[in-house]
>>> print(open('data21.csv').read())   # CSV, C-alpha atoms
chain,number,residue,atom,x,y,z
A,1,MET,CA,22.1,-17.1,15.2
A,2,ARG,CA,20.0,-13.9,15.4
A,3,ILE,CA,17.7,-13.1,12.6
A,4,VAL,CA,16.3,-9.5,12.6
A,5,ILE,CA,13.3,-8.4,10.5
A,6,LEU,CA,12.7,-4.7,10.0
A,7,GLY,CA,9.0,-3.9,9.4
A,8,ALA,CA,5.9,-6.0,10.2
A,9,GLY,CA,3.8,-5.2,7.2
A,10,TYR,CA,2.4,-7.9,4.9
A,11,GLY,CA,5.9,-9.2,4.0
A,12,GLY,CA,7.7,-8.8,7.3
A,13,LEU,CA,4.9,-10.3,9.4
A,14,ALA,CA,4.4,-13.3,7.0
A,15,LEU,CA,8.1,-13.9,7.0
A,16,ALA,CA,8.4,-13.9,10.8
A,17,ARG,CA,5.5,-16.4,11.3
A,18,ALA,CA,6.7,-18.7,8.5
A,19,LEU,CA,10.3,-18.7,9.6
A,20,ALA,CA,9.2,-19.5,13.2
A,21,GLY,CA,7.5,-22.6,11.7
A,22,TRP,CA,10.7,-23.6,9.8
A,23,LEU,CA,12.9,-23.1,12.9
A,24,ARG,CA,10.4,-24.6,15.3
A,25,ARG,CA,11.8,-22.8,18.4
A,26,GLN,CA,15.4,-24.0,17.9
A,27,ALA,CA,17.2,-22.5,20.9
A,28,GLU,CA,20.3,-21.6,18.9
A,29,HIS,CA,18.3,-19.3,16.6
A,30,SER,CA,16.2,-16.3,17.5
A,31,ILE,CA,13.8,-14.1,15.5
A,32,LEU,CA,13.3,-10.4,16.3
A,33,LEU,CA,10.6,-8.4,14.5
A,34,ILE,CA,10.8,-4.6,14.8
A,35,ASP,CA,8.0,-2.2,13.8
A,36,GLN,CA,7.2,1.3,14.9
A,37,ASN,CA,3.5,0.5,15.3
A,38,ALA,CA,1.7,-1.7,17.9
A,39,ASP,CA,-0.8,-2.9,15.3
A,40,HIS,CA,-0.6,-4.6,11.9
A,41,GLN,CA,-2.2,-2.2,9.4
A,42,LEU,CA,-4.4,-3.8,6.7
A,43,LEU,CA,-3.2,-1.4,4.0
A,44,VAL,CA,-5.4,-3.0,1.3
A,45,ARG,CA,-8.4,-1.7,3.2
A,46,LEU,CA,-7.3,1.9,3.7
A,47,HIS,CA,-9.6,3.2,1.0
A,48,GLU,CA,-12.6,1.8,3.0
A,49,VAL,CA,-11.4,3.5,6.1
A,50,ALA,CA,-10.8,6.8,4.3
A,51,SER,CA,-14.2,6.8,2.7
A,52,GLY,CA,-16.0,5.8,6.0
A,53,SER,CA,-17.2,2.5,4.6
A,54,ILE,CA,-15.7,0.5,7.5
A,55,PRO,CA,-14.7,1.5,11.1
A,56,PRO,CA,-11.0,2.4,11.4
A,57,GLU,CA,-10.4,-0.4,13.9
A,58,ASP,CA,-11.4,-3.0,11.2
A,59,ALA,CA,-8.1,-2.3,9.4
A,60,LEU,CA,-5.9,-2.9,12.5
A,61,VAL,CA,-4.7,-6.2,14.1
A,62,PRO,CA,-2.6,-6.0,17.3
A,63,TYR,CA,0.8,-7.6,16.9
A,64,ALA,CA,0.5,-9.0,20.4
A,65,ARG,CA,-2.5,-11.1,19.2
A,66,VAL,CA,-0.9,-12.2,15.9
A,67,LEU,CA,2.5,-13.2,17.4
A,68,GLU,CA,1.2,-14.8,20.6
A,69,SER,CA,2.9,-18.2,21.3
A,70,SER,CA,4.8,-17.9,18.0
A,71,GLY,CA,8.2,-17.8,19.4
A,72,VAL,CA,8.9,-14.5,17.6
A,73,GLU,CA,10.1,-11.6,19.7
A,74,PHE,CA,8.5,-8.3,18.9
A,75,GLN,CA,10.0,-4.8,19.6
A,76,GLN,CA,8.1,-1.6,19.0
A,77,ALA,CA,10.7,0.9,17.7
A,78,ARG,CA,11.4,3.2,14.8
A,79,VAL,CA,14.4,2.2,12.7
A,80,THR,CA,16.7,5.2,12.2
A,81,ARG,CA,19.8,3.8,10.3
A,82,LEU,CA,21.0,0.7,8.6
A,83,GLU,CA,24.7,-0.3,9.3
A,84,PRO,CA,25.1,-3.4,7.2
A,85,THR,CA,28.9,-3.6,7.4
A,86,ALA,CA,28.8,-3.5,11.2
A,87,ARG,CA,25.8,-5.9,11.1
A,88,GLN,CA,23.7,-3.7,13.3
A,89,VAL,CA,20.8,-1.2,12.9
A,90,GLN,CA,20.0,1.9,14.9
A,91,THR,CA,16.5,2.3,16.3
A,92,SER,CA,14.7,4.8,18.5
A,93,THR,CA,15.3,2.4,21.5
A,94,GLY,CA,19.0,1.6,20.8
A,95,THR,CA,21.3,-0.5,18.7
A,96,VAL,CA,20.2,-3.9,17.5
A,97,ARG,CA,22.8,-6.4,16.2
A,98,PHE,CA,22.1,-9.2,13.8
A,99,ASP,CA,23.6,-12.2,12.0
A,100,LEU,CA,21.0,-12.1,9.2
A,101,LEU,CA,18.8,-9.1,8.4
A,102,VAL,CA,15.6,-8.7,6.4
A,103,VAL,CA,14.6,-5.2,5.3
A,104,ALA,CA,10.8,-5.0,4.9
A,105,LEU,CA,10.2,-1.4,6.0
A,106,GLY,CA,7.6,-0.7,3.3
A,107,GLY,CA,7.4,2.5,1.2
A,108,GLU,CA,6.3,6.1,1.3
A,109,THR,CA,4.5,8.3,-1.1
A,110,GLU,CA,6.4,9.3,-4.2
A,111,TYR,CA,5.8,13.0,-5.1
A,112,PHE,CA,8.1,13.1,-8.1
A,113,GLY,CA,9.3,16.5,-7.1
A,114,LEU,CA,6.0,18.1,-8.1
A,115,PRO,CA,5.5,21.5,-6.4
A,116,GLY,CA,3.0,21.7,-3.6
A,117,LEU,CA,2.0,18.1,-3.4
A,118,ARG,CA,3.7,17.3,-0.2
A,119,GLU,CA,2.1,20.3,1.5
A,120,HIS,CA,-1.4,20.3,-0.1
A,121,ALA,CA,-2.3,16.7,-1.0
A,122,PHE,CA,-3.5,13.9,1.3
A,123,PRO,CA,-1.4,10.8,1.0
A,124,LEU,CA,-3.0,7.4,1.6
A,125,ARG,CA,-0.2,5.1,2.8
A,126,THR,CA,-1.0,4.5,6.5
A,127,HIS,CA,-3.9,4.0,8.8
A,128,GLN,CA,-3.3,7.5,10.2
A,129,HIS,CA,-3.6,8.9,6.7
A,130,ALA,CA,-6.9,7.2,6.1
A,131,VAL,CA,-8.4,8.3,9.4
A,132,ARG,CA,-7.3,11.9,8.7
A,133,LEU,CA,-8.8,11.8,5.2
A,134,ARG,CA,-12.0,10.3,6.5
A,135,ARG,CA,-12.5,13.2,8.9
A,136,HIS,CA,-11.6,15.8,6.3
A,137,VAL,CA,-14.2,14.4,3.8
A,138,GLU,CA,-16.9,14.5,6.3
A,139,HIS,CA,-15.9,18.1,7.3
A,140,GLN,CA,-16.0,19.2,3.7
A,141,VAL,CA,-19.6,18.1,3.3
A,142,VAL,CA,-20.6,19.8,6.6
A,143,ARG,CA,-18.9,23.0,5.3
A,144,ALA,CA,-20.8,22.7,2.0
A,145,ALA,CA,-24.1,22.5,3.9
A,146,ARG,CA,-23.3,25.8,5.6
A,147,GLU,CA,-21.8,27.6,2.6
A,148,THR,CA,-24.0,30.2,0.8
A,149,ASP,CA,-21.6,31.1,-2.0
A,150,PRO,CA,-22.1,28.6,-4.9
A,151,ALA,CA,-18.5,28.6,-6.0
A,152,ARG,CA,-17.1,27.9,-2.6
A,153,ARG,CA,-19.8,25.3,-2.0
A,154,GLN,CA,-18.8,23.5,-5.2
A,155,ALA,CA,-15.1,23.6,-4.2
A,156,HIS,CA,-16.0,21.9,-0.9
A,157,LEU,CA,-17.8,19.2,-2.8
A,158,THR,CA,-14.9,18.7,-5.4
A,159,PHE,CA,-12.7,15.7,-4.6
A,160,VAL,CA,-9.6,15.1,-6.9
A,161,ILE,CA,-7.7,11.9,-6.8
A,162,GLY,CA,-4.3,11.8,-8.5
A,163,GLY,CA,-3.3,8.4,-9.7
A,164,GLY,CA,-5.4,5.7,-11.3
A,165,GLY,CA,-3.7,2.6,-9.9
A,166,TYR,CA,-5.2,0.3,-7.2
A,167,THR,CA,-5.4,2.9,-4.5
A,168,GLY,CA,-6.8,5.7,-6.5
A,169,THR,CA,-9.3,3.5,-8.4
A,170,GLU,CA,-10.6,1.8,-5.2
A,171,LEU,CA,-10.9,5.1,-3.3
A,172,ALA,CA,-12.8,6.8,-6.1
A,173,GLY,CA,-15.5,4.0,-6.1
A,174,GLU,CA,-15.9,4.0,-2.3
A,175,LEU,CA,-15.9,7.8,-2.1
A,176,ALA,CA,-18.7,8.0,-4.7
A,177,ASP,CA,-20.9,5.7,-2.6
A,178,ARG,CA,-20.1,7.4,0.7
A,179,LEU,CA,-20.6,10.9,-0.5
A,180,ARG,CA,-24.2,10.1,-1.5
A,181,GLU,CA,-24.8,9.1,2.1
A,182,LEU,CA,-23.1,12.2,3.6
A,183,ARG,CA,-24.9,14.6,1.3
A,184,ALA,CA,-28.3,13.0,2.3
A,185,LEU,CA,-27.3,13.1,6.0
A,186,HIS,CA,-26.4,16.8,5.9
A,187,GLN,CA,-29.1,17.7,3.4
A,188,VAL,CA,-26.8,18.9,0.7
A,189,SER,CA,-28.6,19.1,-2.6
A,190,SER,CA,-25.6,20.3,-4.7
A,191,PRO,CA,-23.9,17.4,-6.5
A,192,ALA,CA,-20.4,16.2,-5.4
A,193,ARG,CA,-17.7,16.0,-8.0
A,194,ILE,CA,-15.0,13.3,-8.0
A,195,LEU,CA,-12.2,13.5,-10.6
A,196,LEU,CA,-9.8,10.6,-11.0
A,197,LEU,CA,-6.7,11.8,-12.8
A,198,GLU,CA,-4.2,9.4,-14.5
A,199,ALA,CA,-1.2,10.5,-16.4
A,200,ARG,CA,-1.2,7.3,-18.6
A,201,GLU,CA,-3.8,6.5,-21.2
A,202,HIS,CA,-5.9,4.4,-18.9
A,203,LEU,CA,-6.5,3.3,-15.3
A,204,LEU,CA,-5.0,0.1,-13.7
A,205,SER,CA,-1.8,-0.3,-15.7
A,206,GLY,CA,-1.0,-4.0,-16.1
A,207,PHE,CA,-4.6,-5.1,-16.2
A,208,PRO,CA,-6.1,-6.5,-19.4
A,209,PRO,CA,-8.2,-4.1,-21.6
A,210,ALA,CA,-11.5,-5.8,-20.7
A,211,ALA,CA,-10.9,-5.3,-17.0
A,212,ILE,CA,-9.9,-1.7,-17.5
A,213,GLN,CA,-12.9,-0.9,-19.6
A,214,ARG,CA,-15.2,-2.5,-17.1
A,215,ALA,CA,-13.6,-0.6,-14.2
A,216,THR,CA,-13.8,2.7,-16.0
A,217,ALA,CA,-17.5,2.1,-17.0
A,218,SER,CA,-18.4,1.3,-13.4
A,219,LEU,CA,-16.7,4.4,-12.0
A,220,CYS,CA,-18.4,6.6,-14.6
A,221,ALA,CA,-21.8,5.1,-13.8
A,222,ARG,CA,-21.2,6.2,-10.1
A,223,GLY,CA,-20.5,9.7,-11.3
A,224,VAL,CA,-16.7,9.6,-11.1
A,225,GLU,CA,-15.0,11.7,-13.8
A,226,VAL,CA,-12.2,9.4,-15.1
A,227,CYS,CA,-9.5,11.6,-16.7
A,228,PRO,CA,-6.8,9.6,-18.5
A,229,GLU,CA,-3.7,11.3,-20.0
A,230,MET,CA,-4.2,14.1,-17.4
A,231,PRO,CA,-1.0,14.5,-15.5
A,232,VAL,CA,-0.8,16.6,-12.4
A,233,ALA,CA,1.7,19.4,-12.4
A,234,GLY,CA,1.4,20.5,-8.8
A,235,ALA,CA,-0.9,21.8,-6.1
A,236,ALA,CA,-1.6,25.0,-4.3
A,237,PRO,CA,-4.0,25.8,-1.4
A,238,GLY,CA,-7.5,24.7,-2.6
A,239,GLN,CA,-6.2,24.0,-6.1
A,240,VAL,CA,-4.9,21.1,-8.2
A,241,LEU,CA,-2.6,22.2,-11.0
A,242,LEU,CA,-2.6,20.3,-14.3
A,243,ALA,CA,0.1,19.9,-16.9
A,244,THR,CA,-2.3,21.6,-19.4
A,245,GLY,CA,-2.0,24.8,-17.3
A,246,GLU,CA,-5.5,24.5,-15.9
A,247,ALA,CA,-6.3,24.6,-12.2
A,248,ILE,CA,-9.1,22.8,-10.5
A,249,ALA,CA,-10.7,24.4,-7.4
A,250,ALA,CA,-11.0,21.5,-4.9
A,251,GLY,CA,-11.4,21.2,-1.2
A,252,THR,CA,-9.8,17.8,-1.3
A,253,PHE,CA,-6.8,16.5,-3.2
A,254,VAL,CA,-5.6,12.9,-2.6
A,255,TRP,CA,-2.3,11.9,-4.2
A,256,ALA,CA,-2.0,8.2,-5.0
A,257,GLY,CA,0.4,8.6,-7.9
A,258,GLY,CA,3.4,6.6,-6.8
A,259,VAL,CA,5.3,4.7,-4.1
A,260,ARG,CA,9.0,4.7,-3.4
A,261,ALA,CA,11.0,2.6,-0.9
A,262,HIS,CA,11.6,3.7,2.6
A,263,PRO,CA,14.4,6.3,2.6
A,264,LEU,CA,16.7,4.2,4.8
A,265,VAL,CA,17.2,1.9,1.8
A,266,ALA,CA,18.8,4.7,-0.3
A,267,GLU,CA,20.6,6.1,2.7
A,268,SER,CA,22.3,2.7,3.3
A,269,GLY,CA,24.7,3.3,0.5
A,270,LEU,CA,24.0,-0.2,-1.0
A,271,PRO,CA,22.8,-0.7,-4.6
A,272,THR,CA,19.4,0.7,-5.4
A,273,GLY,CA,17.3,1.0,-8.6
A,274,ASN,CA,13.9,2.6,-9.5
A,275,GLY,CA,12.1,4.3,-6.7
A,276,GLY,CA,15.0,3.9,-4.3
A,277,ARG,CA,14.4,0.2,-4.1
A,278,ALA,CA,17.1,-2.3,-3.3
A,279,ARG,CA,18.6,-4.2,-6.2
A,280,LEU,CA,18.4,-7.9,-5.5
A,281,ASP,CA,19.9,-11.1,-6.7
A,282,ARG,CA,17.7,-14.0,-7.7
A,283,THR,CA,17.4,-15.3,-4.1
A,284,LEU,CA,16.1,-11.9,-2.8
A,285,ARG,CA,19.4,-11.0,-1.2
A,286,TRP,CA,20.6,-7.4,-1.5
A,287,GLU,CA,23.0,-7.4,-4.4
A,288,GLY,CA,26.5,-8.3,-3.2
A,289,HIS,CA,25.5,-8.9,0.5
A,290,GLU,CA,24.9,-12.5,1.6
A,291,HIS,CA,23.5,-11.6,5.0
A,292,LEU,CA,20.9,-9.1,3.8
A,293,PHE,CA,17.5,-9.9,2.3
A,294,VAL,CA,14.8,-7.4,1.2
A,295,LEU,CA,11.0,-7.7,0.7
A,296,GLY,CA,8.0,-5.7,-0.4
A,297,ASP,CA,8.1,-2.0,-1.3
A,298,CYS,CA,11.8,-1.8,-0.5
A,299,SER,CA,12.7,-4.4,-3.1
A,300,GLU,CA,13.1,-4.1,-6.9
A,301,VAL,CA,11.6,-7.2,-8.6
A,302,THR,CA,11.8,-7.5,-12.4
A,303,ASP,CA,9.5,-9.7,-14.6
A,304,PRO,CA,11.9,-12.2,-16.3
A,305,GLU,CA,9.7,-12.2,-19.5
A,306,SER,CA,9.1,-8.5,-20.0
A,307,GLY,CA,12.1,-7.1,-18.2
A,308,GLU,CA,9.8,-4.5,-16.6
A,309,PRO,CA,9.7,-3.8,-12.9
A,310,VAL,CA,6.9,-5.7,-11.1
A,311,LEU,CA,4.6,-3.3,-9.2
A,312,PRO,CA,4.8,-3.8,-5.4
A,313,SER,CA,1.7,-5.4,-3.8
A,314,ALA,CA,0.7,-7.2,-0.7
A,315,GLN,CA,0.5,-10.5,-2.7
A,316,LEU,CA,4.0,-10.1,-4.0
A,317,ALA,CA,5.3,-9.3,-0.5
A,318,ILE,CA,3.7,-12.4,0.9
A,319,GLN,CA,5.2,-14.6,-1.8
A,320,GLN,CA,8.6,-13.1,-1.2
A,321,ALA,CA,8.2,-13.7,2.5
A,322,THR,CA,7.3,-17.4,2.1
A,323,HIS,CA,10.3,-17.9,-0.2
A,324,THR,CA,12.7,-16.0,2.1
A,325,ALA,CA,11.5,-17.9,5.2
A,326,HIS,CA,12.6,-21.1,3.4
A,327,ASN,CA,15.8,-19.6,2.2
A,328,LEU,CA,16.7,-18.3,5.7
A,329,TYR,CA,16.1,-21.8,7.0
A,330,ARG,CA,18.4,-23.2,4.3
A,331,ALA,CA,21.0,-20.5,5.2
A,332,VAL,CA,21.1,-21.4,8.9
A,333,THR,CA,21.3,-25.1,8.1
A,334,GLY,CA,24.1,-24.6,5.6
A,335,ARG,CA,22.2,-25.4,2.4
A,336,PRO,CA,22.3,-23.4,-0.9
A,337,LEU,CA,19.6,-20.8,-1.4
A,338,LEU,CA,16.9,-21.1,-4.0
A,339,PRO,CA,16.0,-18.5,-6.7
A,340,PHE,CA,12.7,-16.7,-6.3
A,341,THR,CA,10.0,-17.2,-8.9
A,342,ARG,CA,7.0,-15.0,-8.9
A,343,ARG,CA,3.7,-17.0,-9.2
A,344,PRO,CA,0.5,-15.7,-10.7
A,345,TRP,CA,-2.1,-14.6,-8.1
A,346,ALA,CA,-5.7,-13.6,-8.1
A,347,GLU,CA,-6.1,-9.8,-8.3
A,348,ALA,CA,-9.3,-7.9,-7.4
A,349,VAL,CA,-10.0,-4.2,-7.5
A,350,SER,CA,-13.0,-2.8,-5.6
A,351,LEU,CA,-15.1,-0.3,-7.5
A,352,GLY,CA,-17.4,0.7,-4.7
A,353,ARG,CA,-20.0,-1.3,-2.7
A,354,ASN,CA,-21.0,-4.5,-4.3
A,355,ASP,CA,-18.9,-4.1,-7.5
A,356,ALA,CA,-15.3,-5.0,-8.4
A,357,VAL,CA,-13.2,-6.5,-11.2
A,358,ALA,CA,-11.1,-9.6,-10.5
A,359,LEU,CA,-8.7,-11.8,-12.4
A,360,ALA,CA,-8.7,-15.4,-11.2
A,361,GLY,CA,-6.9,-18.1,-13.1
A,362,GLY,CA,-6.9,-16.0,-16.3
A,363,LEU,CA,-10.6,-15.4,-16.1
A,364,LEU,CA,-12.2,-11.9,-15.7
A,365,VAL,CA,-14.9,-11.8,-12.9
A,366,THR,CA,-17.0,-8.7,-12.5
A,367,GLY,CA,-19.8,-7.2,-10.4
A,368,SER,CA,-21.0,-8.7,-7.1
A,369,SER,CA,-19.2,-12.0,-7.7
A,370,ALA,CA,-15.8,-10.2,-8.0
A,371,HIS,CA,-16.8,-8.1,-4.9
A,372,LEU,CA,-17.5,-11.3,-3.0
A,373,LEU,CA,-14.0,-12.7,-4.0
A,374,LYS,CA,-12.4,-9.5,-2.7
A,375,GLY,CA,-14.3,-9.8,0.6
A,376,LEU,CA,-13.3,-13.4,0.9
A,377,SER,CA,-9.6,-12.5,0.4
A,378,TYR,CA,-9.9,-10.1,3.3
A,379,ARG,CA,-11.5,-12.7,5.6
A,380,ARG,CA,-9.0,-15.4,4.6
A,381,TYR,CA,-6.1,-13.1,5.4
A,382,ARG,CA,-7.5,-12.2,8.8
A,383,LEU,CA,-8.2,-15.8,9.6
A,384,SER,CA,-4.6,-16.7,8.6
A,385,LEU,CA,-3.5,-14.2,11.3
A,386,GLY,CA,-5.8,-15.8,13.9
A,387,ALA,CA,-7.7,-12.4,14.1
>>> encode(input="data21.csv", output="structure tokens")
Amino acid sequence: MRIVILGAGYGGLALARALAGWLRRQAEHSILLIDQNADHQLLVRLHEVASGSIPPEDALVPYARVLESSGVEFQQARVTRLEPTARQVQTSTGTVRFDLLVVALGGETEYFGLPGLREHAFPLRTHQHAVRLRRHVEHQVVRAARETDPARRQAHLTFVIGGGGYTGTELAGELADRLRELRALHQVSSPARILLLEAREHLLSGFPPAAIQRATASLCARGVEVCPEMPVAGAAPGQVLLATGEAIAAGTFVWAGGVRAHPLVAESGLPTGNGGRARLDRTLRWEGHEHLFVLGDCSEVTDPESGEPVLPSAQLAIQQATHTAHNLYRAVTGRPLLPFTRRPWAEAVSLGRNDAVALAGGLLVTGSSAHLLKGLSYRRYRLSLGA
């Protein structure tokens, strides 16, 4: 039986490695993992790459190293079409047939149809995005150092971040610390301005009030202007347009306001829900299709207590992957599948160097202790990959 996994992000990679353990190189079963990149991207560290806090290579792990001696076959290719009825997928290197398929292609930036965002805002969803933003930030400071016009200099030193979730909040804190260094390096005396815009009434939706207040206070102490209930209406060259009708002159606009599923999910013609995500049954199979499973940003997971969608995250994708690996083993051995139950996990949000907020076992941890927990989670993950 051939099991094909599309996408080697947190969910796809964890699934491939766990499933290989369950199957233990049984010759009658094969695992093929397909991804368009040669390296596993540590997306939870992109804010550090973008700000210049860590070298770009620190957020990459080669698949060849991770999958060495695992029994998983890896193919570098771009998936171009899902053909579930024919039990095949089209890729940039040809047709791939499967018996069981797992879609873990990740997501892309959601622009909500707002004019100018796609053209004038920096996304932060891939390693390439982060490297591009890093170079741009440094270039803006260099241009500010050479600029004689005060208004244009201030525009170069104005950085707007749209979206106060994990990505936007973490980027704001790292950027505040990094800009102090860059201004000193290039002898720029004018202050930098960082605005974190959030359409809702506070940052970090889903976090308890105490954590939100602590995060907001930390960012403000770093000089970040936290702007709740400030929805973005669009963007133009050098400008961020607000729903109030105001315009902010800014040399840098980063959009971190939403994520939707990979477009191939919606293009498949199979059932989808919010953000183009696949609608799943309780076992994480694509609704109505026993041979298709979906993980991560491509999947719609609902909290059974609140009925609200669960925000995609690396931790959720890994939990789904572990569960799906067991279910795939049960499927190939003729056993009934088990329903997925989301378990609580420790959550930590970096607020810049040596500061963070973390929730661990229902307890709120802040400051350097929370930052240490965040760093330990990075190291633990890399060690789990053998990297």
>>> closest_atom_pairs(input="data21.csv", of="region 142-221 of chain A", to="region 231-251 of chain A", cutoff="12 Å", atoms="only C-alpha atoms", output="Markdown table")
| residue | atom | partner | partner_atom | distance |
| --- | --- | --- | --- | --- |
| A:Arg143 | CA | A:Gly251 | CA | 10.1 |
| A:Ala144 | CA | A:Gly251 | CA | 10.0 |
| A:Ala151 | CA | A:Ala249 | CA | 9.0 |
| A:Arg152 | CA | A:Ala249 | CA | 8.7 |
| A:Arg153 | CA | A:Gly251 | CA | 9.4 |
| A:Gln154 | CA | A:Ala250 | CA | 8.1 |
| A:Ala155 | CA | A:Ala250 | CA | 4.7 |
| A:His156 | CA | A:Gly251 | CA | 4.7 |
| A:Leu157 | CA | A:Gly251 | CA | 6.9 |
| A:Thr158 | CA | A:Ala250 | CA | 4.8 |
| A:Phe159 | CA | A:Ala250 | CA | 6.1 |
| A:Val160 | CA | A:Ala250 | CA | 6.8 |
| A:Ile161 | CA | A:Val240 | CA | 9.7 |
| A:Gly162 | CA | A:Val232 | CA | 7.1 |
| A:Gly163 | CA | A:Pro231 | CA | 8.7 |
| A:Gly164 | CA | A:Pro231 | CA | 10.7 |
| A:Ala192 | CA | A:Ala250 | CA | 10.8 |
| A:Arg193 | CA | A:Ala250 | CA | 9.2 |
| A:Ile194 | CA | A:Ala250 | CA | 9.6 |
| A:Leu195 | CA | A:Ile248 | CA | 9.8 |
| A:Leu196 | CA | A:Pro231 | CA | 10.6 |
| A:Leu197 | CA | A:Pro231 | CA | 6.9 |
| A:Glu198 | CA | A:Pro231 | CA | 6.1 |
| A:Ala199 | CA | A:Pro231 | CA | 4.1 |
| A:Arg200 | CA | A:Pro231 | CA | 7.8 |
| A:Glu201 | CA | A:Pro231 | CA | 10.2 |
| A:His202 | CA | A:Pro231 | CA | 11.7 |
>>> closest_residue(input="data21.csv", among="A:Ser369, A:Thr95, A:Glu28, A:Gly9", to="Thr333 (chain A)", atoms="all atoms listed in the file")
A:Glu28
>>> closest_residue(input="data21.csv", among="A:Gly11, A:Gly52, A:Pro208, A:Gly276", to="Arg134 (chain A)", atoms="only C-alpha atoms")
A:Gly52
>>> closest_residue(input="data21.csv", among="A:Met1, A:Ala145, A:Leu385, A:Val49", to="Gln187 (chain A)", atoms="only C-alpha atoms")
A:Ala145
>>> closest_residue(input="data21.csv", among="A:Pro115, A:Leu328, A:Gly165, A:Gln320", to="Gly206 (chain A)", atoms="all atoms listed in the file")
A:Gly165
>>> build_atoms(input="data21.csv", residues="region 133-148 of chain A", atoms="N, CA and C atoms", output="JSON list (two decimals), keeping the file's coordinate frame")
[["chain", "number", "residue", "atom", "x", "y", "z"],
["A", 133, "LEU", "N", -8.03, 11.53, 6.41],
["A", 133, "LEU", "CA", -8.80, 11.80, 5.20],
["A", 133, "LEU", "C", -10.28, 11.62, 5.44],
["A", 134, "ARG", "N", -10.64, 10.60, 6.19],
["A", 134, "ARG", "CA", -12.00, 10.30, 6.50],
["A", 134, "ARG", "C", -12.68, 11.54, 7.20],
["A", 135, "ARG", "N", -11.99, 12.08, 8.20],
["A", 135, "ARG", "CA", -12.50, 13.20, 8.90],
["A", 135, "ARG", "C", -12.62, 14.46, 8.02],
["A", 136, "HIS", "N", -11.62, 14.61, 7.16],
["A", 136, "HIS", "CA", -11.60, 15.80, 6.30],
["A", 136, "HIS", "C", -12.79, 15.70, 5.28],
["A", 137, "VAL", "N", -13.05, 14.53, 4.72],
["A", 137, "VAL", "CA", -14.20, 14.40, 3.80],
["A", 137, "VAL", "C", -15.48, 14.75, 4.42],
["A", 138, "GLU", "N", -15.70, 14.23, 5.62],
["A", 138, "GLU", "CA", -16.90, 14.50, 6.30],
["A", 138, "GLU", "C", -17.04, 16.03, 6.62],
["A", 139, "HIS", "N", -15.91, 16.65, 6.98],
["A", 139, "HIS", "CA", -15.90, 18.10, 7.30],
["A", 139, "HIS", "C", -16.22, 18.91, 6.05],
["A", 140, "GLN", "N", -15.75, 18.48, 4.89],
["A", 140, "GLN", "CA", -16.00, 19.20, 3.70],
["A", 140, "GLN", "C", -17.52, 19.22, 3.34],
["A", 141, "VAL", "N", -18.19, 18.11, 3.57],
["A", 141, "VAL", "CA", -19.60, 18.10, 3.30],
["A", 141, "VAL", "C", -20.38, 18.95, 4.30],
["A", 142, "VAL", "N", -19.95, 18.95, 5.55],
["A", 142, "VAL", "CA", -20.60, 19.80, 6.60],
["A", 142, "VAL", "C", -20.38, 21.29, 6.17],
["A", 143, "ARG", "N", -19.19, 21.65, 5.72],
["A", 143, "ARG", "CA", -18.90, 23.00, 5.30],
["A", 143, "ARG", "C", -19.76, 23.41, 4.08],
["A", 144, "ALA", "N", -19.93, 22.45, 3.16],
["A", 144, "ALA", "CA", -20.80, 22.70, 2.00],
["A", 144, "ALA", "C", -22.21, 22.98, 2.39],
["A", 145, "ALA", "N", -22.69, 22.27, 3.40],
["A", 145, "ALA", "CA", -24.10, 22.50, 3.90],
["A", 145, "ALA", "C", -24.29, 23.85, 4.42],
["A", 146, "ARG", "N", -23.23, 24.46, 4.96],
["A", 146, "ARG", "CA", -23.30, 25.80, 5.60],
["A", 146, "ARG", "C", -22.98, 26.92, 4.64],
["A", 147, "GLU", "N", -22.37, 26.59, 3.52],
["A", 147, "GLU", "CA", -21.80, 27.60, 2.60],
["A", 147, "GLU", "C", -22.95, 28.20, 1.74],
["A", 148, "THR", "N", -22.99, 29.53, 1.64],
["A", 148, "THR", "CA", -24.00, 30.20, 0.80],
["A", 148, "THR", "C", -23.47, 30.59, -0.55]]
